[in-house]
>>> print(open('coords_19.cif').read())   # mmCIF, C-alpha atoms
data_final
loop_
_atom_site.label_atom_id
_atom_site.label_comp_id
_atom_site.auth_asym_id
_atom_site.auth_seq_id
_atom_site.Cartn_x
_atom_site.Cartn_y
_atom_site.Cartn_z
CA MET A 1 35.37 183.19 92.39
CA ARG A 2 32.25 181.01 92.45
CA VAL A 3 30.60 180.11 89.16
CA ALA A 4 27.21 178.40 88.70
CA LEU A 5 27.13 175.76 86.01
CA ASP A 6 24.24 174.62 83.83
CA THR A 7 24.06 171.16 82.21
CA GLY A 8 24.93 172.28 78.68
CA PRO A 9 28.56 173.28 79.33
CA LEU A 10 29.14 170.03 81.25
CA ILE A 11 27.94 168.10 78.21
CA SER A 12 29.96 170.22 75.77
CA LEU A 13 33.16 170.09 77.81
CA SER A 14 32.81 166.39 78.58
CA SER A 15 32.13 165.38 74.97
CA THR A 16 35.11 167.43 73.72
CA CYS A 17 37.44 166.05 76.44
CA LEU A 18 37.85 169.51 78.00
CA LEU A 19 36.28 168.84 81.38
CA TRP A 20 39.79 168.93 82.90
CA LEU A 21 39.80 172.72 82.31
CA LEU A 22 37.48 173.11 85.30
CA ASP A 23 40.42 172.10 87.52
CA LYS A 24 42.78 174.60 85.93
CA LEU A 25 40.63 177.72 85.87
CA PRO A 26 40.75 180.14 88.84
CA MET A 27 37.13 179.46 89.80
CA ASP A 28 35.05 177.14 91.94
CA PHE A 29 32.12 175.55 90.14
CA TYR A 30 28.70 174.94 91.64
CA VAL A 31 25.73 173.06 90.22
CA PRO A 32 22.07 173.17 91.26
CA PRO A 33 20.14 169.92 91.89
CA ALA A 34 18.51 169.93 88.41
CA VAL A 35 21.92 169.87 86.77
CA VAL A 36 23.07 166.94 88.91
CA ASP A 37 19.99 165.00 87.80
CA GLU A 38 20.48 165.76 84.12
CA SER A 39 24.22 165.35 83.87
CA TYR A 40 24.57 162.34 86.15
CA ARG A 41 21.45 160.51 87.35
CA ALA A 42 19.50 160.36 84.08
CA PRO A 43 22.37 159.43 81.71
CA MET A 44 23.53 156.65 84.06
CA HIS A 45 20.63 154.65 82.57
CA THR A 46 21.80 154.99 78.97
CA LYS A 47 24.78 153.07 77.64
CA GLN A 48 25.84 155.88 75.31
CA TYR A 49 26.18 158.54 78.01
CA ARG A 50 26.97 156.51 81.12
CA PHE A 51 30.73 157.06 80.91
CA SER A 52 30.26 160.81 80.61
CA ALA A 53 27.89 160.69 83.61
CA MET A 54 30.47 158.72 85.63
CA ARG A 55 33.19 161.25 84.86
CA ILE A 56 30.97 164.11 85.97
CA HIS A 57 29.95 162.17 89.08
CA GLN A 58 33.62 161.73 89.90
CA TYR A 59 34.03 165.49 89.78
CA ILE A 60 31.10 165.88 92.19
CA VAL A 61 32.34 163.17 94.57
CA GLU A 62 35.81 164.72 94.66
CA GLY A 63 34.40 168.20 95.28
CA ARG A 64 35.70 169.61 92.01
CA LEU A 65 32.08 170.34 91.15
CA ARG A 66 30.01 171.26 94.18
CA ARG A 67 26.34 170.52 94.42
CA GLU A 68 24.50 173.45 95.98
CA ASP A 69 20.91 173.57 97.13
CA LEU A 70 19.14 176.86 96.71
CA GLY A 71 17.51 177.15 100.11
CA LYS A 72 14.05 178.58 100.76
CA GLN A 73 14.82 182.07 99.53
CA GLY A 74 16.53 180.72 96.43
CA GLU A 75 13.59 178.42 95.68
CA ALA A 76 11.18 181.34 96.03
CA LEU A 77 13.27 183.34 93.56
CA VAL A 78 13.32 180.37 91.15
CA GLU A 79 9.51 180.23 91.24
CA GLU A 80 9.26 183.96 90.67
CA PHE A 81 11.82 183.99 87.86
CA THR A 82 10.14 181.06 86.08
CA ARG A 83 6.70 182.58 86.43
CA ILE A 84 7.78 185.95 85.09
CA ALA A 85 9.87 184.52 82.23
CA ASN A 86 6.93 182.39 81.14
CA SER A 87 4.67 185.44 81.03
CA ALA A 88 7.08 187.73 79.23
CA TYR A 89 5.83 186.82 75.77
CA VAL A 90 2.28 186.27 74.56
CA ALA A 91 1.10 184.41 71.45
CA HIS A 92 -2.52 183.90 70.41
CA HIS A 93 -3.56 185.74 73.59
CA ARG A 94 -1.80 183.17 75.78
CA PRO A 95 1.47 183.47 77.72
CA LEU A 96 4.29 181.59 76.06
CA ARG A 97 6.29 179.09 78.11
CA ILE A 98 9.88 179.62 77.08
CA ILE A 99 12.02 178.33 79.93
CA HIS A 100 12.05 175.31 82.20
CA ARG A 101 12.47 175.57 85.94
CA GLY A 102 15.95 174.10 85.54
CA GLU A 103 17.22 177.20 83.74
CA ALA A 104 15.83 179.38 86.51
CA GLU A 105 17.64 177.24 89.10
CA ALA A 106 20.92 177.81 87.30
CA ILE A 107 20.50 181.57 87.04
CA ILE A 108 19.36 181.98 90.65
CA LEU A 109 22.27 179.86 91.86
CA ALA A 110 24.54 182.26 89.97
CA LYS A 111 22.88 185.15 91.84
CA ILE A 112 23.49 183.41 95.17
CA MET A 113 27.14 182.83 94.20
CA ASP A 114 29.19 185.54 92.47
CA ASN A 115 26.93 186.47 89.56
CA VAL A 116 28.57 184.28 86.95
CA LEU A 117 26.72 181.53 85.09
CA LEU A 118 28.18 179.05 82.66
CA VAL A 119 25.35 178.22 80.23
CA ASP A 120 25.49 176.99 76.65
CA GLU A 121 21.89 177.22 75.57
CA ARG A 122 20.64 180.38 73.93
CA THR A 123 17.20 181.25 75.32
CA ILE A 124 18.05 182.23 78.90
CA ARG A 125 20.92 184.36 77.62
CA LEU A 126 18.74 186.18 75.09
CA LEU A 127 15.99 186.61 77.65
CA LEU A 128 18.32 188.66 79.86
CA GLU A 129 20.67 190.21 77.30
CA ASP A 130 18.39 190.86 74.33
CA PRO A 131 14.70 190.11 75.01
CA GLU A 132 13.56 191.98 71.90
CA GLU A 133 15.74 189.75 69.71
CA LEU A 134 14.19 186.69 71.40
CA LYS A 135 10.78 188.04 70.44
CA TYR A 136 11.89 188.34 66.77
CA LEU A 137 13.30 184.82 66.87
CA LEU A 138 10.04 183.41 68.23
CA GLU A 139 8.12 185.22 65.49
CA ARG A 140 10.47 184.31 62.66
CA ARG A 141 10.38 180.61 63.22
CA THR A 142 6.73 180.18 64.05
CA GLY A 143 5.05 182.86 62.00
CA ALA A 144 3.02 183.77 65.09
CA HIS A 145 2.63 187.36 66.23
CA ILE A 146 4.36 187.63 69.60
CA ARG A 147 3.70 190.39 72.10
CA HIS A 148 6.66 191.26 74.30
CA ASN A 149 5.65 192.30 77.80
CA ARG A 150 8.48 194.69 78.65
CA ASP A 151 7.47 195.05 82.31
CA MET A 152 8.19 191.37 82.74
CA THR A 153 11.59 191.36 81.04
CA GLU A 154 12.55 194.48 83.01
CA ARG A 155 11.63 192.67 86.21
CA LEU A 156 13.84 189.74 85.12
CA GLN A 157 16.62 192.26 84.54
CA GLU A 158 16.19 193.52 88.11
CA ILE A 159 16.45 189.97 89.44
CA ALA A 160 19.35 188.71 87.34
CA GLY A 161 20.48 191.33 84.83
CA ASP A 162 23.89 191.64 86.44
CA VAL A 163 24.75 187.96 85.97
CA LEU A 164 27.64 187.49 83.55
CA MET A 165 26.64 184.67 81.23
CA LEU A 166 29.50 182.69 79.79
CA ARG A 167 29.44 179.77 77.41
CA SER A 168 31.83 176.84 77.41
CA ALA A 169 33.37 178.50 74.33
CA ASP A 170 34.11 181.67 76.32
CA ILE A 171 35.93 179.91 79.15
CA VAL A 172 37.88 177.83 76.66
CA ALA A 173 38.88 181.08 74.90
CA TYR A 174 39.93 182.51 78.27
CA ALA A 175 41.95 179.36 78.99
CA TYR A 176 43.60 179.69 75.58
CA GLU A 177 44.56 183.33 76.16
CA GLU A 178 45.96 182.47 79.59
CA GLY A 179 48.08 179.65 78.16
CA ILE A 180 46.10 177.00 80.04
CA LEU A 181 44.46 175.26 77.09
CA GLY A 182 47.50 174.01 75.21
CA PRO A 183 49.42 175.09 72.10
CA LYS A 184 49.10 178.81 71.56
CA ASN A 185 48.19 178.78 67.92
CA LYS A 186 45.08 180.06 66.20
CA GLU A 187 44.22 176.79 64.51
CA TYR A 188 44.12 175.02 67.86
CA ILE A 189 41.67 177.40 69.51
CA GLU A 190 39.61 177.61 66.31
CA ALA A 191 39.29 173.82 66.25
CA ALA A 192 38.35 173.77 69.95
CA LEU A 193 35.64 176.38 69.44
CA TYR A 194 34.16 174.51 66.49
CA ALA A 195 34.19 171.28 68.50
CA LEU A 196 32.20 173.01 71.25
CA LYS A 197 29.81 174.48 68.69
CA TYR A 198 29.09 171.04 67.25
CA ALA A 199 28.65 169.68 70.77
CA GLY A 200 25.75 172.11 71.23
CA CYS A 201 27.29 175.35 72.54
CA ALA A 202 25.30 178.35 71.27
CA ILE A 203 28.09 180.06 69.37
CA SER A 204 27.91 181.10 65.73
CA GLU A 205 30.42 180.50 62.99
CA GLN A 206 30.71 184.25 62.52
CA GLU A 207 31.62 184.75 66.17
CA ILE A 208 34.32 182.10 65.95
CA GLN A 209 35.79 183.61 62.79
CA GLU A 210 35.71 187.16 64.22
CA TYR A 211 37.41 186.05 67.42
CA VAL A 212 40.12 184.00 65.71
CA SER A 213 40.85 186.72 63.17
CA LYS A 214 41.62 189.17 65.98
CA LEU A 215 44.10 186.86 67.67
CA GLY A 216 47.80 187.43 67.17
CA ARG A 217 49.89 184.79 65.45
CA MET B 1 -4.88 165.17 68.73
CA VAL B 2 -7.48 163.34 66.65
CA GLY B 3 -7.44 165.93 63.84
CA THR B 4 -3.67 165.85 63.68
CA LEU B 5 -3.59 162.04 63.48
CA ASP B 6 -5.93 162.19 60.49
CA ASP B 7 -3.32 164.19 58.56
CA ILE B 8 -0.62 161.72 59.57
CA ARG B 9 -2.70 158.67 58.67
CA LYS B 10 -3.54 160.00 55.20
CA ALA B 11 0.08 160.86 54.42
CA PHE B 12 1.28 157.47 55.71
CA GLU B 13 -1.37 155.60 53.68
CA GLN B 14 -0.05 157.39 50.59
CA SER B 15 3.56 156.62 51.62
CA ASP B 16 4.24 160.35 51.32
CA ASP B 17 7.39 160.81 53.42
CA VAL B 18 7.79 164.43 52.28
CA MET B 19 4.31 165.35 53.48
CA LEU B 20 4.88 163.50 56.75
CA ARG B 21 8.09 165.43 57.32
CA GLN B 22 6.33 168.73 56.64
CA ILE B 23 3.52 167.78 59.03
CA ALA B 24 6.14 166.88 61.66
CA LEU B 25 7.91 170.24 61.40
CA ASP B 26 4.66 172.17 61.48
CA PHE B 27 3.45 170.27 64.54
CA ALA B 28 6.82 170.71 66.30
CA HIS B 29 6.74 174.49 65.86
CA ARG B 30 3.13 174.67 67.00
CA ALA B 31 3.86 172.41 69.96
CA ALA B 32 6.64 174.80 71.02
CA ILE B 33 4.40 177.87 70.87
CA GLU B 34 1.41 176.22 72.53
CA HIS B 35 3.41 173.99 74.92
CA ASN B 36 1.22 171.17 73.68
CA ARG B 37 2.42 167.63 74.46
CA GLY B 38 -0.17 166.07 72.15
CA LEU B 39 1.17 168.03 69.18
CA ALA B 40 4.73 167.22 70.25
CA GLN B 41 3.86 163.53 70.28
CA ALA B 42 2.16 163.82 66.88
CA SER B 43 5.23 165.50 65.41
CA VAL B 44 7.44 162.68 66.70
CA ILE B 45 5.10 160.09 65.18
CA ALA B 46 4.98 161.90 61.83
CA TYR B 47 8.74 162.30 61.67
CA ALA B 48 9.45 158.72 62.70
CA LEU B 49 7.05 157.43 60.06
CA SER B 50 8.62 159.67 57.41
CA LYS B 51 12.03 158.17 58.22
CA LEU B 52 10.68 154.62 58.07
CA LEU B 53 9.28 155.23 54.60
CA THR B 54 12.71 156.31 53.32
CA LYS B 55 14.34 153.02 54.36
CA SER B 56 13.95 150.82 51.30
CA HIS B 57 15.23 147.73 53.13
CA ILE B 58 12.24 148.09 55.46
CA VAL B 59 9.44 149.05 53.06
CA GLU B 60 10.56 146.39 50.55
CA SER B 61 10.83 143.64 53.17
CA PRO B 62 8.16 140.91 53.18
CA PHE B 63 7.25 141.95 56.76
CA TRP B 64 6.41 145.52 55.83
CA PRO B 65 2.67 145.01 55.05
CA ARG B 66 2.18 143.54 58.54
CA TYR B 67 4.04 146.39 60.25
CA ARG B 68 2.32 148.98 58.08
CA ASN B 69 -1.09 147.60 59.05
CA ALA B 70 -0.09 147.55 62.73
CA ILE B 71 0.86 151.23 62.56
CA LEU B 72 -2.31 152.20 60.68
CA SER B 73 -4.37 150.20 63.13
CA ALA B 74 -2.78 152.04 66.07
CA ILE B 75 -3.50 155.41 64.47
CA LYS B 76 -7.09 154.47 63.63
CA ASP B 77 -7.66 153.24 67.20
CA ALA B 78 -6.32 156.54 68.51
CA GLU B 79 -8.63 158.45 66.15
CA MET B 80 -11.59 156.44 67.45
CA GLY B 81 -10.56 157.09 71.05
CA ARG B 82 -9.69 153.44 71.61
CA GLU B 83 -5.98 154.08 72.11
CA THR B 84 -4.67 156.60 74.60
CA ASP B 85 -0.96 156.04 74.06
CA VAL B 86 -0.60 155.72 70.31
CA LEU B 87 3.06 156.72 70.39
CA SER B 88 4.00 153.81 72.65
CA ARG B 89 2.11 151.40 70.44
CA ILE B 90 3.76 152.70 67.28
CA GLU B 91 7.07 152.71 69.12
CA ARG B 92 6.68 149.00 69.96
CA THR B 93 6.06 148.25 66.28
CA ILE B 94 9.12 150.27 65.29
CA TRP B 95 11.23 148.48 67.92
CA LYS B 96 10.20 145.19 66.28
CA ILE B 97 11.18 146.57 62.89
CA ASP B 98 14.52 147.82 64.29
CA GLU B 99 15.17 144.46 65.97
CA SER B 100 14.57 142.51 62.81
CA ASP B 101 16.45 145.09 60.76
CA GLY B 102 19.50 145.47 63.05
CA HIS B 103 21.04 148.40 61.16
CA PHE B 104 20.92 151.06 63.83
CA ILE B 105 21.61 151.10 67.54
CA LYS B 106 19.39 154.07 68.26
CA ASN B 107 15.83 153.56 67.28
CA VAL B 108 13.83 155.73 64.94
CA ILE B 109 11.59 157.07 67.71
CA GLU B 110 14.52 158.26 69.88
CA LYS B 111 16.03 160.07 66.91
CA ALA B 112 12.64 161.58 66.06
CA ARG B 113 12.26 162.89 69.61
CA ALA B 114 15.66 164.58 69.48
CA LYS B 115 15.13 165.97 65.99
CA MET B 116 11.69 167.42 66.75
CA ALA B 117 12.88 168.80 70.10
CA ALA B 118 15.74 170.49 68.23
CA GLU B 119 13.18 172.04 65.87
CA ALA B 120 11.22 173.29 68.86
CA TYR B 121 14.40 174.76 70.39
CA SER B 122 15.08 176.53 67.11
CA THR B 123 11.83 178.49 67.58
CA GLY B 124 13.30 180.13 70.68
CA ILE B 125 12.13 178.07 73.64
CA SER B 126 14.82 176.79 75.96
CA LEU B 127 16.72 173.57 75.36
CA ARG B 128 15.50 171.96 78.56
CA LEU B 129 11.90 172.91 77.88
CA ALA B 130 12.11 171.50 74.35
CA GLY B 131 13.66 168.28 75.60
CA ASN B 132 11.05 167.90 78.28
CA LEU B 133 8.15 168.57 75.90
CA PHE B 134 9.30 165.98 73.36
CA GLY B 135 10.74 163.41 75.76
CA ALA B 136 14.19 163.84 74.24
CA ASP B 137 17.40 163.09 76.09
CA ILE B 138 19.33 166.32 76.66
CA HIS B 139 22.57 164.77 75.37
CA ASP B 140 20.92 163.66 72.12
CA LEU B 141 19.29 167.06 71.81
CA SER B 142 22.55 168.97 72.35
CA ASP B 143 24.18 166.77 69.73
CA TYR B 144 21.42 167.47 67.17
CA VAL B 145 21.33 171.18 67.91
CA GLY B 146 25.10 171.40 67.48
CA LYS B 147 24.78 170.10 63.94
CA MET B 148 21.98 172.47 62.92
CA ARG B 149 22.48 176.08 61.84
CA VAL B 150 20.19 177.29 64.61
CA HIS B 151 22.98 179.04 66.51
CA ASP B 152 24.05 180.92 63.40
CA GLU B 153 20.69 182.66 63.10
CA VAL B 154 21.15 185.12 65.95
CA LEU B 155 24.35 187.04 66.60
CA PRO B 156 24.59 187.85 70.31
CA LYS B 157 25.13 191.44 71.40
CA ILE B 158 28.18 190.35 73.36
CA GLY B 159 30.80 188.24 71.59
CA ILE B 160 33.57 185.97 72.81
CA LYS B 161 36.16 188.72 73.23
CA GLU B 162 33.88 190.89 75.38
CA ARG B 163 32.83 187.97 77.57
CA VAL B 164 36.43 186.89 78.08
CA GLU B 165 37.40 190.46 79.03
CA ALA B 166 34.49 190.68 81.47
CA LEU B 167 35.56 187.36 83.00
CA ARG B 168 39.14 188.54 83.31
CA ARG B 169 38.03 191.72 85.11
CA LEU B 170 35.96 189.70 87.57
CA ILE B 171 38.82 187.30 88.25
CA ASP B 172 41.22 190.22 88.81
CA GLU B 173 38.72 191.86 91.16
CA SER B 174 38.26 188.63 93.11
CA ARG B 175 42.01 188.39 93.62
CA THR B 176 42.37 191.89 95.14
#
>>> encode(input="coords_19.cif", output="structure tokens")
Amino acid sequence: MRVALDTGPLISLSSTCLLWLLDKLPMDFYVPPAVVDESYRAPMHTKQYRFSAMRIHQYIVEGRLRREDLGKQGEALVEEFTRIANSAYVAHHRPLRIIHRGEAEAIILAKIMDNVLLVDERTIRLLLEDPEELKYLLERRTGAHIRHNRDMTERLQEIAGDVLMLRSADIVAYAYEEGILGPKNKEYIEAALYALKYAGCAISEQEIQEYVSKLGR
Amino acid sequence: MVGTLDDIRKAFEQSDDVMLRQIALDFAHRAAIEHNRGLAQASVIAYALSKLLTKSHIVESPFWPRYRNAILSAIKDAEMGRETDVLSRIERTIWKIDESDGHFIKNVIEKARAKMAAEAYSTGISLRLAGNLFGADIHDLSDYVGKMRVHDEVLPKIGIKERVEALRRLIDESRT
């Protein structure tokens, strides 16, 4: 099964020393060009993140992470997806830019592959899974009145609504349940999920507690 | 940007770090909604200056009046249209302060970029867009965001268990 990967999960898994899981899971991982730039090229120039960048680069060189270009059709879909997403909400009579082209690249790559995207940030997930909640979030934090253009979010649904969006926390939970992660005890997986949360994965404390409470001993 | 710098200059002249921080947050949220790089830059300046004012070893040093005047001069030049890249000029002054101070590896401006970008992300715009708007490194930004409560504000419709089950179904299907 082919899975598209955004930058966030690479950062979360690398900083929590869980990048090795990518070798153990029954999936092949693909990254679009934007993710290669962010996770490898850019951080190679900063002392703090260079080692992480080198580890990720090693994965790419060895084919454990495969760089995939989107092709002409893919690029056209990226442009369309970005344009529509950035017109889906309006504030002060102007369309609100809410995603970067890089997020669109990741989601369209997932469409080209097997409809699975590993993404840790929240906006792209809400845009496809709960666009009305995203509207409330935008309003809550800014105090601005936001108009939600439902035609646009429905069009995004048509393009990519069937993509299964997973976070690094979700694949780590899968690995735990399959006995891949390590010791099968609740405290271990709870600690791993919190580590990913603090590394930037968009998972709430409540979700972690609900999940762990439902696990057997 | 001129009007926004006026607010920053007045708060900095009064050494009001609380006001500067409030200005920074307000500008960051507005920058996110308007996708306005000028406001993003202003929020970074305001936040960086608020942090400087809280460091007693800096504001009580004998060099502080010189640095303070350099920062005010940069802001005034920008207000008069004589400075087009006020952030870089203030950043150079802060680098000098950081060099002479030697307490922190990461400078105040880099932290301000990440912090303000994290605030912008909290409004609902994407992480990459926030990082790009504020010039923040995505690693720094992810680190900041992880330590904020921003991801506790919205409970997703689909939780861990459901996503894991959906993944398992797909993997089983791909094996048959």
>>> resolve_selection(input="coords_19.cif", expression="the PyMOL selection byres ((chain A) within 7 of (chain B))", output="PyMOL selection string")
chain A and resi 1+11+96-100+121+123-124+134+137-138+141-142+166+170+174+197-205+207+211
>>> resolve_selection(input="coords_19.cif", expression="the PyMOL selection byres ((chain A and resi 26) around 10)", output="PyMOL selection string")
(chain A and resi 1-2+21-25+27-29+175) or (chain B and resi 171+174-175)
>>> write_last_selection(input="coords_19.cif", atoms="C-alpha atoms", output="compact mmCIF listing (two decimals), in the frame of the given file")
# COMPACT_ATOMS: atom_id res chain seq x y z
CA MET A 1 35.37 183.19 92.39
CA ARG A 2 32.25 181.01 92.45
CA LEU A 21 39.80 172.72 82.31
CA LEU A 22 37.48 173.11 85.30
CA ASP A 23 40.42 172.10 87.52
CA LYS A 24 42.78 174.60 85.93
CA LEU A 25 40.63 177.72 85.87
CA MET A 27 37.13 179.46 89.80
CA ASP A 28 35.05 177.14 91.94
CA PHE A 29 32.12 175.55 90.14
CA ALA A 175 41.95 179.36 78.99
CA ILE B 171 38.82 187.30 88.25
CA SER B 174 38.26 188.63 93.11
CA ARG B 175 42.01 188.39 93.62
>>> atom_distance(input="coords_19.cif", atom1="CA of Lys186 in chain A", atom2="CA of Glu129 in chain A")
28.7 Å
>>> resolve_selection(input="coords_19.cif", expression="the PyMOL selection byres ((chain A and resi 189) around 10)", output="VMD selection string")
chain A and resid 169 172 to 173 175 to 177 181 to 188 190 to 195 208 211 to 212 215
>>> residues_near_point(input="coords_19.cif", point="(26.2, 170.9, 94.3)", cutoff="12 Å", atoms="all atoms listed in the file", output="PDB file with C-alpha atoms, in the frame of the given file")
ATOM      1  CA  ARG A   2      32.250 181.010  92.450  1.00  0.00           C
ATOM      2  CA  VAL A   3      30.600 180.110  89.160  1.00  0.00           C
ATOM      3  CA  ALA A   4      27.210 178.400  88.700  1.00  0.00           C
ATOM      4  CA  LEU A   5      27.130 175.760  86.010  1.00  0.00           C
ATOM      5  CA  ASP A   6      24.240 174.620  83.830  1.00  0.00           C
ATOM      6  CA  ASP A  28      35.050 177.140  91.940  1.00  0.00           C
ATOM      7  CA  PHE A  29      32.120 175.550  90.140  1.00  0.00           C
ATOM      8  CA  TYR A  30      28.700 174.940  91.640  1.00  0.00           C
ATOM      9  CA  VAL A  31      25.730 173.060  90.220  1.00  0.00           C
ATOM     10  CA  PRO A  32      22.070 173.170  91.260  1.00  0.00           C
ATOM     11  CA  PRO A  33      20.140 169.920  91.890  1.00  0.00           C
ATOM     12  CA  ALA A  34      18.510 169.930  88.410  1.00  0.00           C
ATOM     13  CA  VAL A  35      21.920 169.870  86.770  1.00  0.00           C
ATOM     14  CA  VAL A  36      23.070 166.940  88.910  1.00  0.00           C
ATOM     15  CA  ASP A  37      19.990 165.000  87.800  1.00  0.00           C
ATOM     16  CA  SER A  39      24.220 165.350  83.870  1.00  0.00           C
ATOM     17  CA  TYR A  40      24.570 162.340  86.150  1.00  0.00           C
ATOM     18  CA  ILE A  56      30.970 164.110  85.970  1.00  0.00           C
ATOM     19  CA  HIS A  57      29.950 162.170  89.080  1.00  0.00           C
ATOM     20  CA  TYR A  59      34.030 165.490  89.780  1.00  0.00           C
ATOM     21  CA  ILE A  60      31.100 165.880  92.190  1.00  0.00           C
ATOM     22  CA  VAL A  61      32.340 163.170  94.570  1.00  0.00           C
ATOM     23  CA  GLU A  62      35.810 164.720  94.660  1.00  0.00           C
ATOM     24  CA  GLY A  63      34.400 168.200  95.280  1.00  0.00           C
ATOM     25  CA  ARG A  64      35.700 169.610  92.010  1.00  0.00           C
ATOM     26  CA  LEU A  65      32.080 170.340  91.150  1.00  0.00           C
ATOM     27  CA  ARG A  66      30.010 171.260  94.180  1.00  0.00           C
ATOM     28  CA  ARG A  67      26.340 170.520  94.420  1.00  0.00           C
ATOM     29  CA  GLU A  68      24.500 173.450  95.980  1.00  0.00           C
ATOM     30  CA  ASP A  69      20.910 173.570  97.130  1.00  0.00           C
ATOM     31  CA  LEU A  70      19.140 176.860  96.710  1.00  0.00           C
ATOM     32  CA  GLU A 105      17.640 177.240  89.100  1.00  0.00           C
ATOM     33  CA  ALA A 106      20.920 177.810  87.300  1.00  0.00           C
ATOM     34  CA  LEU A 109      22.270 179.860  91.860  1.00  0.00           C
ATOM     35  CA  MET A 113      27.140 182.830  94.200  1.00  0.00           C
TER      36      MET A 113
END
>>> atom_distance(input="coords_19.cif", atom1="CA of Ile94 in chain B", atom2="CA of Glu38 in chain A")
26.9 Å
>>> atom_distance(input="coords_19.cif", atom1="CA of Gln41 in chain B", atom2="CA of Gly8 in chain A")
24.3 Å
>>> residues_around(input="coords_19.cif", residues="Ser14 in chain A", least_positions_apart="3", cutoff="10 Å", atoms="all atoms listed in the file", output="PyMOL selection string")
chain A and resi 8-11+17-20+51-53+55-56+196+199
>>> residues_near_point(input="coords_19.cif", point="(10.7, 167.5, 65.0)", cutoff="10 Å", atoms="all atoms listed in the file", output="PyMOL selection string")
chain B and resi 21-29+31+40-48+111-121+134
>>> closest_residue(input="coords_19.cif", among="B:Leu49, B:Val86, B:Leu20, B:Ile8", to="Ile109 in chain B", atoms="all atoms listed in the file")
B:Leu49
>>> closest_residue(input="coords_19.cif", among="B:Asn107, B:Ala78, B:Thr93, B:Ser15", to="Ser56 in chain B", atoms="only C-alpha atoms")
B:Ser15
>>> closest_residue(input="coords_19.cif", among="A:Leu117, A:Ala88, A:Gly179, A:Ile159", to="Gly74 in chain A", atoms="only C-alpha atoms")
A:Ile159
>>> closest_residue(input="coords_19.cif", among="B:Ile97, B:Ile90, B:Thr84, B:Ile75", to="Asp6 in chain B", atoms="all atoms listed in the file")
B:Ile75
>>> axis_aligned_box(input="coords_19.cif", around="range 38-50 of chain B", padding_each_side="5 Å", output="AutoDock Vina command-line options")
--center_x 4.6 --center_y 162.7 --center_z 64.8 --size_x 19.6 --size_y 20.6 --size_z 24.7
>>> decode(input="coords_19.cif", residues="range 29-40 of chain B", atoms="N, CA and C atoms", output="compact mmCIF listing (two decimals), in the first residue's frame")
# COMPACT_ATOMS: atom_id res chain seq x y z
N HIS B 29 -2.73 37.68 14.60
CA HIS B 29 -4.05 37.16 14.21
C HIS B 29 -4.56 37.88 12.96
N ARG B 30 -4.35 39.20 12.92
CA ARG B 30 -4.80 39.95 11.75
C ARG B 30 -3.99 39.55 10.52
N ALA B 31 -2.69 39.35 10.71
CA ALA B 31 -1.83 38.95 9.59
C ALA B 31 -2.31 37.63 9.00
N ALA B 32 -2.76 36.71 9.88
CA ALA B 32 -3.24 35.40 9.41
C ALA B 32 -4.49 35.56 8.56
N ILE B 33 -5.42 36.38 9.03
CA ILE B 33 -6.69 36.56 8.32
C ILE B 33 -6.48 37.31 7.00
N GLU B 34 -5.62 38.31 7.03
CA GLU B 34 -5.43 39.15 5.84
C GLU B 34 -4.29 38.68 4.94
N HIS B 35 -3.56 37.65 5.39
CA HIS B 35 -2.35 37.20 4.69
C HIS B 35 -1.46 38.40 4.39
N ASN B 36 -1.13 39.12 5.45
CA ASN B 36 -0.44 40.40 5.32
C ASN B 36 0.97 40.27 5.91
N ARG B 37 1.97 40.29 5.02
CA ARG B 37 3.37 40.10 5.50
C ARG B 37 3.85 41.28 6.33
N GLY B 38 3.36 42.47 6.01
CA GLY B 38 3.75 43.65 6.79
C GLY B 38 3.31 43.53 8.24
N LEU B 39 2.07 43.10 8.43
CA LEU B 39 1.54 42.90 9.78
C LEU B 39 2.29 41.75 10.48
N ALA B 40 2.61 40.71 9.71
CA ALA B 40 3.35 39.58 10.28
C ALA B 40 4.70 40.08 10.79
